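start_12.csv (CSV, C-alpha atoms)
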chain,number,residue,atom,x,y,z
K,239,ALA,CA,43.8,-11.1,29.2
K,240,ALA,CA,43.2,-9.3,25.9
K,241,LEU,CA,41.5,-12.3,24.4
K,242,GLN,CA,39.3,-12.7,27.4
K,243,ALA,CA,38.3,-9.0,27.2
K,244,GLU,CA,37.4,-9.5,23.5
K,245,VAL,CA,35.3,-12.6,24.2
K,246,SER,CA,33.5,-10.6,27.0
K,247,ARG,CA,32.9,-7.7,24.6
K,248,LEU,CA,31.6,-10.0,21.8
K,249,THR,CA,29.3,-11.9,24.3
K,250,GLN,CA,27.8,-8.6,25.4
K,251,ARG,CA,27.3,-7.5,21.8
K,252,MET,CA,25.6,-10.8,21.0
K,253,ASN,CA,23.3,-10.4,24.0
K,254,GLU,CA,22.4,-6.9,22.8
K,255,MET,CA,21.7,-8.2,19.2
K,256,THR,CA,19.6,-11.1,20.6
K,257,ALA,CA,17.5,-8.6,22.6
K,258,GLU,CA,17.1,-6.4,19.5
K,259,LEU,CA,16.0,-9.4,17.4
K,260,THR,CA,13.4,-10.4,20.0
K,261,SER,CA,12.1,-6.8,20.0
K,262,LEU,CA,11.8,-6.8,16.1
K,263,LYS,CA,10.0,-10.2,16.1
K,264,THR,CA,7.5,-8.8,18.6
K,265,ARG,CA,6.9,-5.7,16.5
K,266,LEU,CA,6.6,-7.8,13.4
K,267,SER,CA,3.9,-10.0,15.0
K,268,GLU,CA,2.0,-7.0,16.1
K,269,ASN,CA,2.0,-5.6,12.6
K,270,GLU,CA,0.8,-8.9,11.2
K,271,ALA,CA,-2.3,-8.5,13.5
K,272,ALA,CA,-3.1,-5.1,11.9
K,273,VAL,CA,-6.7,-4.7,10.6
K,274,GLY,CA,-7.9,-2.3,7.9
K,275,PHE,CA,-9.7,-2.2,4.7
K,276,SER,CA,-10.3,0.1,1.7
K,277,VAL,CA,-13.2,-0.4,-0.7
K,278,ARG,CA,-15.0,1.4,-3.5
K,279,PHE,CA,-17.4,0.7,-6.3
K,280,SER,CA,-15.9,-0.4,-9.6
K,281,ASN,CA,-18.7,1.4,-11.5
K,282,THR,CA,-19.5,5.1,-11.1
K,283,HIS,CA,-23.2,4.5,-11.6
K,284,ASN,CA,-24.6,2.3,-8.9
K,285,THR,CA,-28.2,2.0,-7.8
K,286,VAL,CA,-28.8,0.9,-4.3
K,287,GLY,CA,-32.2,0.7,-2.6
K,288,ILE,CA,-33.0,2.8,0.5
K,289,GLY,CA,-32.1,0.8,3.6
K,290,GLN,CA,-29.8,-1.6,1.8
K,291,ALA,CA,-26.2,-2.2,2.7
K,292,LEU,CA,-23.8,-0.8,0.1
K,293,LYS,CA,-21.8,-3.8,-1.2
K,294,TYR,CA,-18.5,-2.3,-2.5
K,295,ASP,CA,-17.3,-4.7,-5.1
K,296,MET,CA,-13.7,-3.3,-5.5
K,297,VAL,CA,-11.7,-4.3,-2.4
K,298,LEU,CA,-8.4,-2.4,-2.5
K,299,ALA,CA,-7.1,-3.7,0.8
K,300,ASN,CA,-8.4,-6.1,3.4
K,301,ALA,CA,-5.8,-6.7,6.2
K,302,GLY,CA,-7.4,-9.0,8.7
K,303,ASN,CA,-10.1,-10.1,6.2
K,304,GLY,CA,-12.8,-8.2,8.0
K,305,TYR,CA,-14.6,-6.8,5.0
K,306,SER,CA,-17.0,-9.0,3.0
K,307,ALA,CA,-17.9,-7.8,-0.6
K,308,ASN,CA,-20.8,-10.3,-0.5
K,309,THR,CA,-22.5,-8.6,2.4
K,310,GLY,CA,-21.0,-5.2,2.5
K,311,HIS,CA,-20.3,-5.7,6.2
K,312,PHE,CA,-17.0,-5.3,8.1
K,313,THR,CA,-16.8,-7.7,10.9
K,314,ALA,CA,-14.2,-6.9,13.6
K,315,PRO,CA,-11.7,-9.9,13.8
K,316,SER,CA,-10.6,-8.8,17.3
K,317,ALA,CA,-11.7,-6.3,19.9
K,318,GLY,CA,-10.3,-2.9,19.6
K,319,LEU,CA,-10.8,0.8,18.7
K,320,TYR,CA,-11.7,1.1,15.0
K,321,ALA,CA,-11.8,4.3,12.8
K,322,PHE,CA,-14.1,4.4,9.8
K,323,TYR,CA,-14.1,7.0,7.1
K,324,VAL,CA,-16.8,7.3,4.4
K,325,ASN,CA,-17.1,9.4,1.3
K,326,ILE,CA,-20.0,9.7,-1.0
K,327,SER,CA,-20.0,11.4,-4.4
K,328,GLN,CA,-23.0,12.1,-6.6
K,329,GLU,CA,-23.5,13.3,-10.1
K,330,SER,CA,-27.1,14.4,-10.4
K,331,GLY,CA,-27.2,15.7,-14.0
K,332,THR,CA,-29.5,18.6,-14.5
K,333,THR,CA,-31.7,18.3,-11.3
K,334,SER,CA,-30.9,19.0,-7.7
K,335,SER,CA,-31.1,15.9,-5.5
K,336,CYS,CA,-29.7,14.5,-2.3
K,337,THR,CA,-28.1,11.2,-1.4
K,338,GLN,CA,-27.4,10.3,2.2
K,339,ILE,CA,-25.6,7.2,3.7
K,340,TYR,CA,-25.3,6.0,7.2
K,341,LEU,CA,-22.5,4.0,8.9
K,342,MET,CA,-24.3,1.5,11.0
K,343,HIS,CA,-23.4,-0.7,14.1
K,344,GLY,CA,-26.4,-2.8,14.9
K,345,SER,CA,-29.3,-0.3,15.0
K,346,THR,CA,-26.9,2.6,16.0
K,347,ILE,CA,-26.1,5.2,13.4
K,348,LEU,CA,-22.4,6.0,13.8
K,349,LEU,CA,-22.3,8.7,11.2
K,350,ALA,CA,-24.1,10.2,8.3
K,351,ALA,CA,-22.7,11.6,5.0
K,352,ASP,CA,-24.6,13.2,2.2
K,353,ALA,CA,-24.2,14.8,-1.2
K,354,CYS,CA,-26.9,17.4,-1.8
K,355,PHE,CA,-26.2,19.8,-4.6
K,356,HIS,CA,-26.8,20.5,-8.2
K,357,TYR,CA,-24.7,18.4,-10.6
K,358,LEU,CA,-21.6,17.0,-8.9
K,359,SER,CA,-21.1,16.9,-5.1
K,360,SER,CA,-19.5,14.9,-2.4
K,361,GLY,CA,-19.6,14.5,1.4
K,362,SER,CA,-17.5,12.7,3.9
K,363,ASN,CA,-17.4,11.9,7.6
K,364,MET,CA,-15.5,9.8,10.1
K,365,ALA,CA,-16.3,7.8,13.2
K,366,VAL,CA,-14.3,6.0,15.8
K,367,ARG,CA,-15.9,3.1,17.6
K,368,LEU,CA,-14.8,0.5,20.2
K,369,LEU,CA,-15.8,-2.9,18.8
K,370,LYS,CA,-15.9,-6.4,20.2
K,371,ALA,CA,-14.6,-9.3,18.1
K,372,GLY,CA,-17.5,-10.3,15.8
K,373,ASP,CA,-19.2,-6.9,15.8
K,374,SER,CA,-20.4,-5.8,12.4
K,375,VAL,CA,-20.4,-2.4,10.8
K,376,TRP,CA,-21.7,-1.4,7.4
K,377,VAL,CA,-22.8,1.5,5.2
K,378,LYS,CA,-26.4,1.7,4.2
K,379,MET,CA,-28.3,3.9,1.8
K,380,HIS,CA,-30.7,6.3,3.7
K,381,SER,CA,-32.1,8.5,0.9

Mind turning this structure into structure tokens?
Amino acid sequence: AALQAEVSRLTQRMNEMTAELTSLKTRLSENEAAVGFSVRFSNTHNTVGIGQALKYDMVLANAGNGYSANTGHFTAPSAGLYAFYVNISQESGTTSSCTQIYLMHGSTILLAADACFHYLSSGSNMAVRLLKAGDSVWVKMHS
């Protein structure tokens, strides 16, 4: 009777551990599908023409491989809600000037960020957008 009770207890514990393992495998596969990227310029002095996409050449992270350094575009690998954060820094020397960038989705401006002060300034902004698989988002120089 004691042996049968111990077998029953161990069987129950094995079933609990199997359920926990299944749950962990599911969570792991969900994390493998994570998408995100972080990019920057490797050089602090970059010249980009007005209307051109900014092609960040230093890719710090690219989970899901959505960002292309060749085009400067992020292409959503799957449908979902995406958050984008942009920051611009400008060093204008001795003159006052402004630099403005747009985060684009097709012809839609999702956000604008600018740096418009004397000498050293920065600006940032964030947008959240529902994207379909294959939708493209990029940062372009406005002024």

Any idea what's packed within 9 Å of K:Ser280, counting all atoms listed in the file, ignoring anything in its chain fewer than 4 positions away? Could you give it as a short mmCIF file (atom, residue, chain, number, x, y, z; two decimals) with C-alpha atoms, keeping the file's coordinate frame?
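File produced: selection_32.cif:
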data_model
loop_
_atom_site.label_atom_id
_atom_site.label_comp_id
_atom_site.auth_asym_id
_atom_site.auth_seq_id
_atom_site.Cartn_x
_atom_site.Cartn_y
_atom_site.Cartn_z
CA TYR K 294 -18.50 -2.30 -2.50
CA ASP K 295 -17.30 -4.70 -5.10
CA MET K 296 -13.70 -3.30 -5.50
#

Practice task
Write out as JSON, numbers by chain each polymer residue whose atoms come within 12 Å of K:Phe279, counting only C-alpha atoms; drop sequence neighbours fewer than 4 positions from it.
Solution key: {"K": [283, 284, 285, 286, 292, 293, 294, 295, 296, 297, 298, 307, 310, 325, 326, 327]}

Practice task
Rounded to one decimal place, report the atom CA of K:Lys378-atom CA of K:Ala271 distance in Å.
Solution key: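 Separation of atom CA of K:Lys378 and atom CA of K:Ala271: 27.8 Å.
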
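Pairwise distance (atom CA of K:Gly304, atom CA of K:Leu369) equals 12.4 Å.
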
Practice task
State, in Å with one decimal place, the distance from atom CA of K:Leu349 to atom CA of K:Asn281.
Solution key: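 Those two atoms sit 24.1 Å apart.
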
Using all atoms of stretch 337-345 of chain K that appear in the file, construct an axis-aligned enclosing box with 5 Å of padding on every side and provide its centre coordinates and edge lengths in Å, rounded to one decimal, as lines of an AutoDock Vina configuration file.
center_x = -25.9
center_y = 4.2
center_z = 6.8
size_x = 16.8
size_y = 24.0
size_z = 26.4

Handout entry: Closest of K:Ala301, K:Met255, K:Leu368, K:Ile288 to K:Ala317 - atom-to-atom distances counting all atoms listed in the file
Key =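 Selected residue with least distance to K:Ala317: K:Leu368.
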
Exercise for the section: Compare K:Ala365, K:Ala351, K:Ala257, K:Leu262 by their minimum atom-to-atom distance to K:His380, counting all atoms listed in the file, and give me the closest one. Expected result: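 Counting all atoms listed in the file, the residue closest to K:His380 is K:Ala351.
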
Exercise for the section: Between K:Cys336, K:Ala321, K:Val277, K:Leu259, single out the one closest to K:Ser359, counting only C-alpha atoms. Expected result: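 Answer, going by the shortest atom-to-atom distance: K:Cys336.
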
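Take the candidates K:Ser345, K:Gln328, K:Gln338, K:Ser276 and check each one against K:Ser306 using all atoms listed in the file; the shortest distance goes to K:Ser276.
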
Handout entry: Residues within 12 Å of K:Ala272, all atoms listed in the file, excluding chain neighbours under 3 positions, as a ChimeraX atom specification
Key = /K:265-269,275,299-304,314-320

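Residue nearest K:Ser362, chosen from K:Val324, K:His311, K:Met252, K:Gly274 and counting only C-alpha atoms: K:Val324.
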
Exercise for the section: Find the residue from K:Val245, K:Val375, K:Cys354, K:Val273 that sits nearest to K:Tyr340; use all atoms listed in the file when measuring. Expected result: K:Val375

Exercise for the section: For K:Met379, work out the shell of residues within 6 Å, counting all atoms listed in the file and skipping chain neighbours fewer than 3 positions away, then give it as a ChimeraX atom specification. Expected result: /K:288-290,339
